[in-house]
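Novice: Below is a structure I'd like to ask you about.
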Amino acid sequence: MNILEWAFGKRITPQERLRKNQRMLDKAIRELDQVRVKLEKQEKTLVGQIKQSAQKGQMGAAKIQAKDLVRTRRYVEKFYGMRSQLQKISLRLQTHRTNEQMMQSMRGATMALGSMNRSMNLPALQRIAMEFERETAIMDERQEMMDDAIDDAMDTGIEEEGDEVVEQVLEEIGVDLNQAFGETPTGLQSAQVPEGRVAQAIGGSSGGGGDPGDDDLQARLDSLRK
């Protein structure tokens with residue numbers, strides 16, 4: 001605490017002054033409500049007393065109590081009006097306080113955004129983005145080269161092995177066909193079928209024509225033996 005605060009008291013900020021006035025208004029509203037509740041209870045009591053005085057024939061006392069009742073009701077109405085005015089002022093202060101808090105928040109956010117914009121180096125960001133794009137392209141090219149090299153290494157000898165598998169399958173088919181038709185003469189492998197003549201299976205009939213199914217199998221056998 002400095003000398004000025006010690007001599008003249010601590011300086012109050014506008015926000016603190018608003019909070020202080022808000023608390024004072026809330027306290028005043030509570031006090032008005034308490035007094036109004038007492039007056040309403042007193043009003044009910046006066047109504048009962050007026051009835052008792054009228055029943056007893058005490059008209060003078062009844063008139064005085066009636067005046068008190070009227071005065072009490074007027075104060076109750078007046079307290080309702082005062083409470084309404086205080087509530088209106090409290091709401092205005094609360095609105096102003098909310099606006100002040102919103103302005104403070106916006107001011108802080110603006111300062112933070114300005115600081116971030118000042119610290120942001122656009123040329124550096126563009127340079128980093130370009131370098132990232134270039135390195136990504138280089139990585140893609142190297143990956144493609146590695147994939148090609150791996151494919152070449154894995155495909156070595158595949159074509160030769162494929163040819164061997166095909167030959168083996170053809171040989172197995174030929175053996176199976178030989179087993180199905182019996183022993184085929186050796187000369188059949190190199191003999192050429194004369195033009196105009198249809199190959200016939202061994203043991204086929206010498207009539208006007210052979211079985212079409214046997215002719216088809218014999219033709220397939222001839223094509224495999226070539």
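Letters A, B, ... mark the chains of the structure tokens in the order given; residue numbers begin at 1 per chain; ligand numbers begin at 1, in order shown.
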Arg73 of chain A: which residues within 9 Å, counting only C-alpha atoms, same-chain residues fewer than 6 positions away excluded, as JSON, numbers by chain?

Specialist: {"A": [39, 40, 43]}

Novice: Extract, using only C-alpha atoms, all DNA, RNA and protein residues at most 10 Å from Met59 of chain A, discarding same-chain residues fewer than 6 positions from it, and format them as a PyMOL selection string.

Specialist: chain A and resi 50+53+65

Novice: What's the 8 Å shell around Lys51 of chain A, counting only C-alpha atoms, without same-chain residues fewer than 4 positions away, as a list in words?

Specialist: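 After dropping sequence-adjacent residues, the list is Val47, Gln55 and Ala62 of chain A.
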
Novice: Generate a file of the selected residues that holds N, CA, C and O atoms, formatted as a PDB file, in the first residue's frame.

Specialist:
```pdb
ATOM      1  N   VAL A  47     -57.293  -5.987   9.534  1.00  0.00           N
ATOM      2  CA  VAL A  47     -58.605  -6.414   9.045  1.00  0.00           C
ATOM      3  C   VAL A  47     -59.341  -7.198  10.135  1.00  0.00           C
ATOM      4  O   VAL A  47     -60.554  -7.006  10.380  1.00  0.00           O
ATOM      5  N   GLN A  55     -67.958  -5.770  15.545  1.00  0.00           N
ATOM      6  CA  GLN A  55     -68.844  -6.695  16.231  1.00  0.00           C
ATOM      7  C   GLN A  55     -69.156  -6.213  17.655  1.00  0.00           C
ATOM      8  O   GLN A  55     -70.259  -6.428  18.171  1.00  0.00           O
ATOM      9  N   ALA A  62     -62.942   1.282  15.289  1.00  0.00           N
ATOM     10  CA  ALA A  62     -62.957   0.675  13.956  1.00  0.00           C
ATOM     11  C   ALA A  62     -62.522   1.668  12.887  1.00  0.00           C
ATOM     12  O   ALA A  62     -61.793   1.322  11.944  1.00  0.00           O
TER      13      ALA A  62
END
```

Novice: Have a look at A:Lys27, A:Arg107, A:Arg36, A:Arg19 and name the one nearest to Leu93 of chain A; count only C-alpha atoms.

Specialist: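 The closest residue to Leu93 of chain A is A:Arg19.
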
Novice: I'd like the interatomic distance between atom CA of Leu91 of chain A and atom CA of Leu25 of chain A, to a tenth of an Å.

Specialist: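 Distance reported for this atom pair: 10.0 Å.
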
Novice: Measuring atom to atom with only C-alpha atoms, identify which of A:Leu113, A:Ala66, A:Ala129, A:Ala137 is nearest to Gly48 of chain A.

Specialist: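 Looking at the shortest contact to Gly48 of chain A, the residue is A:Ala66.
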
Novice: I'd like the interatomic distance between atom CA of Leu32 of chain A and atom CA of Lys67 of chain A, to a tenth of an Å.

Specialist: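 Spanning atom CA of Leu32 of chain A to atom CA of Lys67 of chain A is a straight-line distance of 22.4 Å.
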